Amino acid sequence: MWKFMKRLIFILVITNILFVIFGIFFNPPITWTQLGSVFKYGKLQRDYVSYDDMGSNIKKAVIASEDQAFFDHKGFDYKAIEKAMKKNDKKGKVVRGGSTISQQTAKNVFLWQGRSWIRKGFEAVYTFTIEKIWGKDIILERYLNVIEMGQGVFGVEAAAQYYYKKPAKDLTKSEAAWIAAILPNPKKYDPKNPSAYLNKKHSWIMRQMNNIVLK
């Protein structure tokens, strides 16, 4: 039994190492979240594009919305985590997350959705690993290609086509901000029918985009 367990652990470790190396060169064939979408919505709308073909507006909009310290941290933004914990404690429930784009990429590429400590532990390991091996451009490219941006819609290219009938690289600053505004709850919000909250968030992202410098 122990010999079998050691062999199984060895196989899992090697498989994960190969998966991380594979991710340097390719977007994931499918993710657990995308697979779940197929079963739930009966569709998977996505179109992986290269980092250069995404355009600068959507990159700036998503960074402004989700992780303004992306280029400065090493996978974890401890100030954001502390701020989120204080706000959640004050509200008595989880109303704000402190996850970075790197952490979200680790979760969306390699893992499943949920808030269990086991998943968070794996997320931390993958986050540390891809920060060391992939680097910022690859992490951002993978994130922008796999992130859920609507019911069955994944990635910025598919989102641009779904909401605005154009490639991601041609999105205006305002259009990019609208797409970013629906994160992290794209199943709830619709940029074509924005709530008062979404209008406010869109305006905030537009202002914050002026402070984002792509590296």
# chains A, B, ... in the order shown; residues from 1 in each chain; ligands from 1
call {"tool": "select_by_dssp", "arguments": {"residues": "region 47-208 of chain A", "states": "helix (DSSP H, G or I)", "output": "ChimeraX atom specification"}}
result
/A:52-54,56-66,78-91,101-110,117-133,136-146,156-164,168-170,173-181,196-208
call {"tool": "write_last_selection", "arguments": {"atoms": "C-alpha atoms", "output": "short mmCIF file (atom, residue, chain, number, x, y, z; two decimals), in the first residue's frame"}}
result
data_model
loop_
_atom_site.label_atom_id
_atom_site.label_comp_id
_atom_site.auth_asym_id
_atom_site.auth_seq_id
_atom_site.Cartn_x
_atom_site.Cartn_y
_atom_site.Cartn_z
CA ASP A 52 -0.19 41.20 -28.21
CA ASP A 53 -3.57 40.61 -29.87
CA MET A 54 -5.55 41.55 -26.76
CA SER A 56 -3.92 47.56 -24.16
CA ASN A 57 -7.35 48.82 -23.07
CA ILE A 58 -8.67 45.51 -21.77
CA LYS A 59 -5.37 44.76 -19.99
CA LYS A 60 -5.43 48.12 -18.24
CA ALA A 61 -9.12 47.81 -17.40
CA VAL A 62 -8.82 44.37 -15.81
CA ILE A 63 -5.66 45.28 -13.88
CA ALA A 64 -7.35 48.49 -12.68
CA SER A 65 -10.39 46.51 -11.55
CA GLU A 66 -8.79 43.39 -10.09
CA TYR A 78 -0.67 41.21 1.63
CA LYS A 79 -2.05 44.73 2.00
CA ALA A 80 -5.10 43.79 -0.10
CA ILE A 81 -5.57 40.58 1.90
CA GLU A 82 -5.45 42.49 5.19
CA LYS A 83 -7.87 45.10 3.89
CA ALA A 84 -10.27 42.38 2.68
CA MET A 85 -10.13 40.58 6.03
CA LYS A 86 -10.96 43.76 7.94
CA LYS A 87 -13.90 44.54 5.66
CA ASN A 88 -15.22 40.97 5.85
CA ASP A 89 -14.93 40.98 9.65
CA LYS A 90 -16.82 44.25 9.78
CA LYS A 91 -19.63 42.92 7.59
CA ILE A 101 -4.50 38.12 -10.69
CA SER A 102 -1.75 35.55 -10.13
CA GLN A 103 -3.86 33.73 -7.54
CA GLN A 104 -6.93 33.86 -9.76
CA THR A 105 -4.89 32.49 -12.65
CA ALA A 106 -3.64 29.59 -10.52
CA LYS A 107 -7.21 28.84 -9.48
CA ASN A 108 -8.76 29.11 -12.92
CA VAL A 109 -6.06 27.24 -14.85
CA PHE A 110 -5.23 24.42 -12.45
CA TRP A 117 -8.72 25.50 2.79
CA ILE A 118 -7.45 22.57 0.70
CA ARG A 119 -8.10 24.43 -2.52
CA LYS A 120 -6.59 27.62 -1.11
CA GLY A 121 -3.48 25.66 -0.14
CA PHE A 122 -3.05 24.29 -3.66
CA GLU A 123 -3.73 27.78 -5.01
CA ALA A 124 -0.88 29.22 -2.95
CA VAL A 125 1.55 26.57 -4.25
CA TYR A 126 0.55 27.11 -7.87
CA THR A 127 0.67 30.90 -7.46
CA PHE A 128 4.22 30.77 -6.12
CA THR A 129 5.23 28.37 -8.92
CA ILE A 130 3.83 30.30 -11.88
CA GLU A 131 5.27 33.57 -10.55
CA LYS A 132 8.71 31.92 -10.61
CA ILE A 133 8.37 30.02 -13.89
CA LYS A 136 3.93 38.42 -15.48
CA ASP A 137 3.17 38.51 -19.23
CA ILE A 138 2.33 34.80 -19.41
CA ILE A 139 0.27 34.94 -16.20
CA LEU A 140 -1.72 37.90 -17.52
CA GLU A 141 -2.21 36.27 -20.93
CA ARG A 142 -3.46 33.02 -19.39
CA TYR A 143 -5.73 34.93 -17.01
CA LEU A 144 -7.28 37.08 -19.73
CA ASN A 145 -7.89 34.00 -21.87
CA VAL A 146 -9.52 31.74 -19.26
CA VAL A 156 -11.44 38.75 -23.29
CA GLU A 157 -11.70 37.88 -26.99
CA ALA A 158 -14.93 35.94 -26.54
CA ALA A 159 -16.27 38.67 -24.23
CA ALA A 160 -15.46 41.40 -26.75
CA GLN A 161 -17.25 39.48 -29.49
CA TYR A 162 -20.17 38.56 -27.23
CA TYR A 163 -20.84 42.07 -25.89
CA TYR A 164 -19.54 44.35 -28.65
CA ALA A 168 -10.57 42.58 -27.95
CA LYS A 169 -7.77 44.68 -29.44
CA ASP A 170 -10.37 47.10 -30.87
CA LYS A 173 -11.45 52.40 -23.14
CA SER A 174 -15.09 52.57 -22.04
CA GLU A 175 -15.99 49.18 -23.53
CA ALA A 176 -12.99 47.53 -21.86
CA ALA A 177 -13.99 49.11 -18.55
CA TRP A 178 -17.53 47.75 -18.89
CA ILE A 179 -16.22 44.21 -19.39
CA ALA A 180 -13.84 44.57 -16.44
CA ALA A 181 -16.67 45.96 -14.31
CA ALA A 196 -26.36 51.66 -10.38
CA TYR A 197 -23.48 49.78 -8.72
CA LEU A 198 -22.06 48.73 -12.09
CA ASN A 199 -22.27 52.29 -13.44
CA LYS A 200 -20.35 53.52 -10.41
CA LYS A 201 -17.74 50.79 -10.77
CA HIS A 202 -17.34 51.52 -14.49
CA SER A 203 -16.61 55.18 -13.79
CA TRP A 204 -14.10 54.21 -11.10
CA ILE A 205 -12.29 51.79 -13.45
CA MET A 206 -12.12 54.45 -16.15
CA ARG A 207 -10.35 56.78 -13.74
CA GLN A 208 -8.03 54.08 -12.43
#
call {"tool": "atom_distance", "arguments": {"atom1": "CA of Gln34 (chain A)", "atom2": "CA of Gly152 (chain A)"}}
result
7.4 Å
call {"tool": "atom_distance", "arguments": {"atom1": "CA of Leu171 (chain A)", "atom2": "CA of Pro184 (chain A)"}}
result
19.7 Å
call {"tool": "closest_residue", "arguments": {"among": "A:Gln151, A:Asn193, A:Asn210, A:Gln113", "to": "Arg46 (chain A)", "atoms": "only C-alpha atoms"}}
result
A:Gln151
call {"tool": "select_by_dssp", "arguments": {"residues": "chain A", "states": "strand (DSSP E or B)", "output": "list of chain:residue names"}}
result
A:Gln45, A:Arg46, A:Glu148, A:Met149, A:Gly150, A:Val153, A:Phe154
call {"tool": "write_last_selection", "arguments": {"atoms": "N, CA, C and O atoms", "output": "PDB file, in the first residue's frame"}}
result
ATOM      1  N   GLN A  45     -18.111  29.361 -24.975  1.00  0.00           N
ATOM      2  CA  GLN A  45     -17.713  30.382 -25.934  1.00  0.00           C
ATOM      3  C   GLN A  45     -16.375  30.962 -25.504  1.00  0.00           C
ATOM      4  O   GLN A  45     -16.276  31.626 -24.476  1.00  0.00           O
ATOM      5  N   ARG A  46     -15.335  30.699 -26.277  1.00  0.00           N
ATOM      6  CA  ARG A  46     -14.010  31.208 -25.954  1.00  0.00           C
ATOM      7  C   ARG A  46     -13.196  31.278 -27.236  1.00  0.00           C
ATOM      8  O   ARG A  46     -13.495  30.596 -28.223  1.00  0.00           O
ATOM      9  N   GLU A 148     -13.752  33.765 -16.567  1.00  0.00           N
ATOM     10  CA  GLU A 148     -15.166  33.742 -16.956  1.00  0.00           C
ATOM     11  C   GLU A 148     -15.684  35.168 -17.053  1.00  0.00           C
ATOM     12  O   GLU A 148     -15.523  35.964 -16.135  1.00  0.00           O
ATOM     13  N   MET A 149     -16.336  35.489 -18.190  1.00  0.00           N
ATOM     14  CA  MET A 149     -16.811  36.853 -18.419  1.00  0.00           C
ATOM     15  C   MET A 149     -18.262  36.894 -18.875  1.00  0.00           C
ATOM     16  O   MET A 149     -18.698  37.834 -19.527  1.00  0.00           O
ATOM     17  N   GLY A 150     -18.992  35.872 -18.501  1.00  0.00           N
ATOM     18  CA  GLY A 150     -20.402  35.776 -18.848  1.00  0.00           C
ATOM     19  C   GLY A 150     -20.833  34.332 -18.723  1.00  0.00           C
ATOM     20  O   GLY A 150     -20.011  33.457 -18.456  1.00  0.00           O
ATOM     21  N   VAL A 153     -19.152  32.228 -21.274  1.00  0.00           N
ATOM     22  CA  VAL A 153     -18.236  33.076 -22.045  1.00  0.00           C
ATOM     23  C   VAL A 153     -16.923  33.200 -21.282  1.00  0.00           C
ATOM     24  O   VAL A 153     -16.909  33.649 -20.132  1.00  0.00           O
ATOM     25  N   PHE A 154     -15.815  32.851 -21.924  1.00  0.00           N
ATOM     26  CA  PHE A 154     -14.521  32.846 -21.257  1.00  0.00           C
ATOM     27  C   PHE A 154     -13.475  33.591 -22.079  1.00  0.00           C
ATOM     28  O   PHE A 154     -13.333  33.366 -23.281  1.00  0.00           O
TER      29      PHE A 154
END
call {"tool": "closest_residue", "arguments": {"among": "A:Leu35, A:Ile147, A:Val13, A:Leu111", "to": "Asn185 (chain A)", "atoms": "only C-alpha atoms"}}
result
A:Ile147
call {"tool": "decode", "arguments": {"residues": "region 131-146 of chain A", "atoms": "all heavy atoms", "output": "PDB file, in the first residue's frame"}}
result
ATOM      1  N   GLU A 131       4.536  32.297 -10.668  1.00  0.00           N
ATOM      2  CA  GLU A 131       5.265  33.565 -10.549  1.00  0.00           C
ATOM      3  C   GLU A 131       6.753  33.349 -10.844  1.00  0.00           C
ATOM      4  O   GLU A 131       7.395  34.196 -11.460  1.00  0.00           O
ATOM      5  CB  GLU A 131       5.087  34.152  -9.154  1.00  0.00           C
ATOM      6  CG  GLU A 131       3.814  34.947  -8.964  1.00  0.00           C
ATOM      7  CD  GLU A 131       3.898  36.356  -9.528  1.00  0.00           C
ATOM      8  OE1 GLU A 131       5.030  36.863  -9.694  1.00  0.00           O
ATOM      9  OE2 GLU A 131       2.846  36.947  -9.803  1.00  0.00           O
ATOM     10  N   LYS A 132       7.292  32.222 -10.403  1.00  0.00           N
ATOM     11  CA  LYS A 132       8.705  31.920 -10.610  1.00  0.00           C
ATOM     12  C   LYS A 132       8.991  31.454 -12.029  1.00  0.00           C
ATOM     13  O   LYS A 132      10.037  31.794 -12.603  1.00  0.00           O
ATOM     14  CB  LYS A 132       9.157  30.839  -9.615  1.00  0.00           C
ATOM     15  CG  LYS A 132       9.163  31.272  -8.152  1.00  0.00           C
ATOM     16  CD  LYS A 132      10.220  32.331  -7.904  1.00  0.00           C
ATOM     17  CE  LYS A 132      10.298  32.689  -6.425  1.00  0.00           C
ATOM     18  NZ  LYS A 132      11.297  33.764  -6.164  1.00  0.00           N
ATOM     19  N   ILE A 133       8.084  30.678 -12.605  1.00  0.00           N
ATOM     20  CA  ILE A 133       8.366  30.016 -13.886  1.00  0.00           C
ATOM     21  C   ILE A 133       7.767  30.750 -15.082  1.00  0.00           C
ATOM     22  O   ILE A 133       8.400  30.855 -16.125  1.00  0.00           O
ATOM     23  CB  ILE A 133       7.861  28.554 -13.845  1.00  0.00           C
ATOM     24  CG1 ILE A 133       8.634  27.773 -12.771  1.00  0.00           C
ATOM     25  CG2 ILE A 133       8.009  27.875 -15.205  1.00  0.00           C
ATOM     26  CD1 ILE A 133       8.181  26.343 -12.601  1.00  0.00           C
ATOM     27  N   TRP A 134       6.541  31.261 -14.943  1.00  0.00           N
ATOM     28  CA  TRP A 134       5.881  31.893 -16.072  1.00  0.00           C
ATOM     29  C   TRP A 134       6.269  33.354 -16.251  1.00  0.00           C
ATOM     30  O   TRP A 134       6.551  33.791 -17.369  1.00  0.00           O
ATOM     31  CB  TRP A 134       4.363  31.813 -15.915  1.00  0.00           C
ATOM     32  CG  TRP A 134       3.782  30.452 -16.119  1.00  0.00           C
ATOM     33  CD1 TRP A 134       4.464  29.285 -16.316  1.00  0.00           C
ATOM     34  CD2 TRP A 134       2.391  30.112 -16.138  1.00  0.00           C
ATOM     35  NE1 TRP A 134       3.587  28.241 -16.447  1.00  0.00           N
ATOM     36  CE2 TRP A 134       2.302  28.719 -16.341  1.00  0.00           C
ATOM     37  CE3 TRP A 134       1.219  30.842 -15.980  1.00  0.00           C
ATOM     38  CZ2 TRP A 134       1.080  28.051 -16.407  1.00  0.00           C
ATOM     39  CZ3 TRP A 134       0.004  30.184 -16.041  1.00  0.00           C
ATOM     40  CH2 TRP A 134      -0.057  28.801 -16.265  1.00  0.00           C
ATOM     41  N   GLY A 135       6.219  34.127 -15.194  1.00  0.00           N
ATOM     42  CA  GLY A 135       6.428  35.566 -15.308  1.00  0.00           C
ATOM     43  C   GLY A 135       5.112  36.288 -15.567  1.00  0.00           C
ATOM     44  O   GLY A 135       4.076  35.674 -15.849  1.00  0.00           O
ATOM     45  N   LYS A 136       5.144  37.605 -15.463  1.00  0.00           N
ATOM     46  CA  LYS A 136       3.932  38.424 -15.483  1.00  0.00           C
ATOM     47  C   LYS A 136       3.172  38.380 -16.809  1.00  0.00           C
ATOM     48  O   LYS A 136       1.940  38.282 -16.818  1.00  0.00           O
ATOM     49  CB  LYS A 136       4.269  39.868 -15.130  1.00  0.00           C
ATOM     50  CG  LYS A 136       4.784  40.060 -13.697  1.00  0.00           C
ATOM     51  CD  LYS A 136       3.731  39.716 -12.665  1.00  0.00           C
ATOM     52  CE  LYS A 136       4.227  40.038 -11.251  1.00  0.00           C
ATOM     53  NZ  LYS A 136       3.213  39.724 -10.219  1.00  0.00           N
ATOM     54  N   ASP A 137       3.866  38.477 -17.939  1.00  0.00           N
ATOM     55  CA  ASP A 137       3.171  38.511 -19.228  1.00  0.00           C
ATOM     56  C   ASP A 137       2.393  37.227 -19.482  1.00  0.00           C
ATOM     57  O   ASP A 137       1.244  37.261 -19.947  1.00  0.00           O
ATOM     58  CB  ASP A 137       4.160  38.756 -20.368  1.00  0.00           C
ATOM     59  CG  ASP A 137       4.616  40.205 -20.436  1.00  0.00           C
ATOM     60  OD1 ASP A 137       4.176  40.997 -19.593  1.00  0.00           O
ATOM     61  OD2 ASP A 137       5.424  40.534 -21.331  1.00  0.00           O
ATOM     62  N   ILE A 138       3.000  36.083 -19.181  1.00  0.00           N
ATOM     63  CA  ILE A 138       2.329  34.804 -19.406  1.00  0.00           C
ATOM     64  C   ILE A 138       1.161  34.651 -18.440  1.00  0.00           C
ATOM     65  O   ILE A 138       0.072  34.208 -18.828  1.00  0.00           O
ATOM     66  CB  ILE A 138       3.310  33.624 -19.262  1.00  0.00           C
ATOM     67  CG1 ILE A 138       4.372  33.679 -20.366  1.00  0.00           C
ATOM     68  CG2 ILE A 138       2.560  32.285 -19.322  1.00  0.00           C
ATOM     69  CD1 ILE A 138       5.432  32.603 -20.253  1.00  0.00           C
ATOM     70  N   ILE A 139       1.357  35.026 -17.183  1.00  0.00           N
ATOM     71  CA  ILE A 139       0.267  34.943 -16.202  1.00  0.00           C
ATOM     72  C   ILE A 139      -0.912  35.791 -16.661  1.00  0.00           C
ATOM     73  O   ILE A 139      -2.061  35.335 -16.645  1.00  0.00           O
ATOM     74  CB  ILE A 139       0.743  35.415 -14.811  1.00  0.00           C
ATOM     75  CG1 ILE A 139       1.715  34.401 -14.207  1.00  0.00           C
ATOM     76  CG2 ILE A 139      -0.450  35.624 -13.875  1.00  0.00           C
ATOM     77  CD1 ILE A 139       2.371  34.858 -12.921  1.00  0.00           C
ATOM     78  N   LEU A 140      -0.644  37.009 -17.094  1.00  0.00           N
ATOM     79  CA  LEU A 140      -1.722  37.900 -17.520  1.00  0.00           C
ATOM     80  C   LEU A 140      -2.403  37.371 -18.777  1.00  0.00           C
ATOM     81  O   LEU A 140      -3.638  37.424 -18.899  1.00  0.00           O
ATOM     82  CB  LEU A 140      -1.183  39.309 -17.764  1.00  0.00           C
ATOM     83  CG  LEU A 140      -2.227  40.398 -18.043  1.00  0.00           C
ATOM     84  CD1 LEU A 140      -3.234  40.491 -16.895  1.00  0.00           C
ATOM     85  CD2 LEU A 140      -1.545  41.748 -18.258  1.00  0.00           C
ATOM     86  N   GLU A 141      -1.623  36.831 -19.712  1.00  0.00           N
ATOM     87  CA  GLU A 141      -2.214  36.265 -20.928  1.00  0.00           C
ATOM     88  C   GLU A 141      -3.120  35.082 -20.599  1.00  0.00           C
ATOM     89  O   GLU A 141      -4.241  34.985 -21.104  1.00  0.00           O
ATOM     90  CB  GLU A 141      -1.124  35.813 -21.898  1.00  0.00           C
ATOM     91  CG  GLU A 141      -1.696  35.208 -23.193  1.00  0.00           C
ATOM     92  CD  GLU A 141      -0.625  34.709 -24.138  1.00  0.00           C
ATOM     93  OE1 GLU A 141       0.467  35.323 -24.173  1.00  0.00           O
ATOM     94  OE2 GLU A 141      -0.877  33.714 -24.837  1.00  0.00           O
ATOM     95  N   ARG A 142      -2.637  34.178 -19.748  1.00  0.00           N
ATOM     96  CA  ARG A 142      -3.456  33.016 -19.385  1.00  0.00           C
ATOM     97  C   ARG A 142      -4.729  33.477 -18.668  1.00  0.00           C
ATOM     98  O   ARG A 142      -5.819  32.976 -18.940  1.00  0.00           O
ATOM     99  CB  ARG A 142      -2.671  32.056 -18.480  1.00  0.00           C
ATOM    100  CG  ARG A 142      -1.429  31.478 -19.114  1.00  0.00           C
ATOM    101  CD  ARG A 142      -1.724  30.510 -20.256  1.00  0.00           C
ATOM    102  NE  ARG A 142      -0.495  30.151 -20.940  1.00  0.00           N
ATOM    103  CZ  ARG A 142      -0.031  30.760 -22.025  1.00  0.00           C
ATOM    104  NH1 ARG A 142      -0.731  31.753 -22.573  1.00  0.00           N
ATOM    105  NH2 ARG A 142       1.092  30.382 -22.590  1.00  0.00           N
ATOM    106  N   TYR A 143      -4.579  34.425 -17.764  1.00  0.00           N
ATOM    107  CA  TYR A 143      -5.731  34.929 -17.011  1.00  0.00           C
ATOM    108  C   TYR A 143      -6.781  35.527 -17.949  1.00  0.00           C
ATOM    109  O   TYR A 143      -7.976  35.205 -17.853  1.00  0.00           O
ATOM    110  CB  TYR A 143      -5.262  35.984 -16.011  1.00  0.00           C
ATOM    111  CG  TYR A 143      -6.380  36.656 -15.241  1.00  0.00           C
ATOM    112  CD1 TYR A 143      -6.999  36.013 -14.169  1.00  0.00           C
ATOM    113  CD2 TYR A 143      -6.820  37.935 -15.581  1.00  0.00           C
ATOM    114  CE1 TYR A 143      -8.027  36.626 -13.461  1.00  0.00           C
ATOM    115  CE2 TYR A 143      -7.841  38.550 -14.884  1.00  0.00           C
ATOM    116  CZ  TYR A 143      -8.438  37.891 -13.825  1.00  0.00           C
ATOM    117  OH  TYR A 143      -9.457  38.504 -13.132  1.00  0.00           O
ATOM    118  N   LEU A 144      -6.345  36.388 -18.837  1.00  0.00           N
ATOM    119  CA  LEU A 144      -7.277  37.075 -19.730  1.00  0.00           C
ATOM    120  C   LEU A 144      -7.905  36.144 -20.759  1.00  0.00           C
ATOM    121  O   LEU A 144      -8.923  36.478 -21.364  1.00  0.00           O
ATOM    122  CB  LEU A 144      -6.571  38.235 -20.436  1.00  0.00           C
ATOM    123  CG  LEU A 144      -6.160  39.401 -19.530  1.00  0.00           C
ATOM    124  CD1 LEU A 144      -5.330  40.422 -20.293  1.00  0.00           C
ATOM    125  CD2 LEU A 144      -7.380  40.061 -18.908  1.00  0.00           C
ATOM    126  N   ASN A 145      -7.318  34.979 -20.947  1.00  0.00           N
ATOM    127  CA  ASN A 145      -7.890  33.995 -21.871  1.00  0.00           C
ATOM    128  C   ASN A 145      -8.860  33.034 -21.193  1.00  0.00           C
ATOM    129  O   ASN A 145      -9.769  32.518 -21.852  1.00  0.00           O
ATOM    130  CB  ASN A 145      -6.783  33.186 -22.557  1.00  0.00           C
ATOM    131  CG  ASN A 145      -6.296  33.835 -23.839  1.00  0.00           C
ATOM    132  OD1 ASN A 145      -7.079  34.432 -24.578  1.00  0.00           O
ATOM    133  ND2 ASN A 145      -5.012  33.733 -24.112  1.00  0.00           N
ATOM    134  N   VAL A 146      -8.684  32.765 -19.899  1.00  0.00           N
ATOM    135  CA  VAL A 146      -9.519  31.738 -19.261  1.00  0.00           C
ATOM    136  C   VAL A 146     -10.558  32.283 -18.296  1.00  0.00           C
ATOM    137  O   VAL A 146     -11.475  31.563 -17.907  1.00  0.00           O
ATOM    138  CB  VAL A 146      -8.654  30.694 -18.507  1.00  0.00           C
ATOM    139  CG1 VAL A 146      -7.622  30.076 -19.431  1.00  0.00           C
ATOM    140  CG2 VAL A 146      -7.980  31.292 -17.273  1.00  0.00           C
TER     141      VAL A 146
END
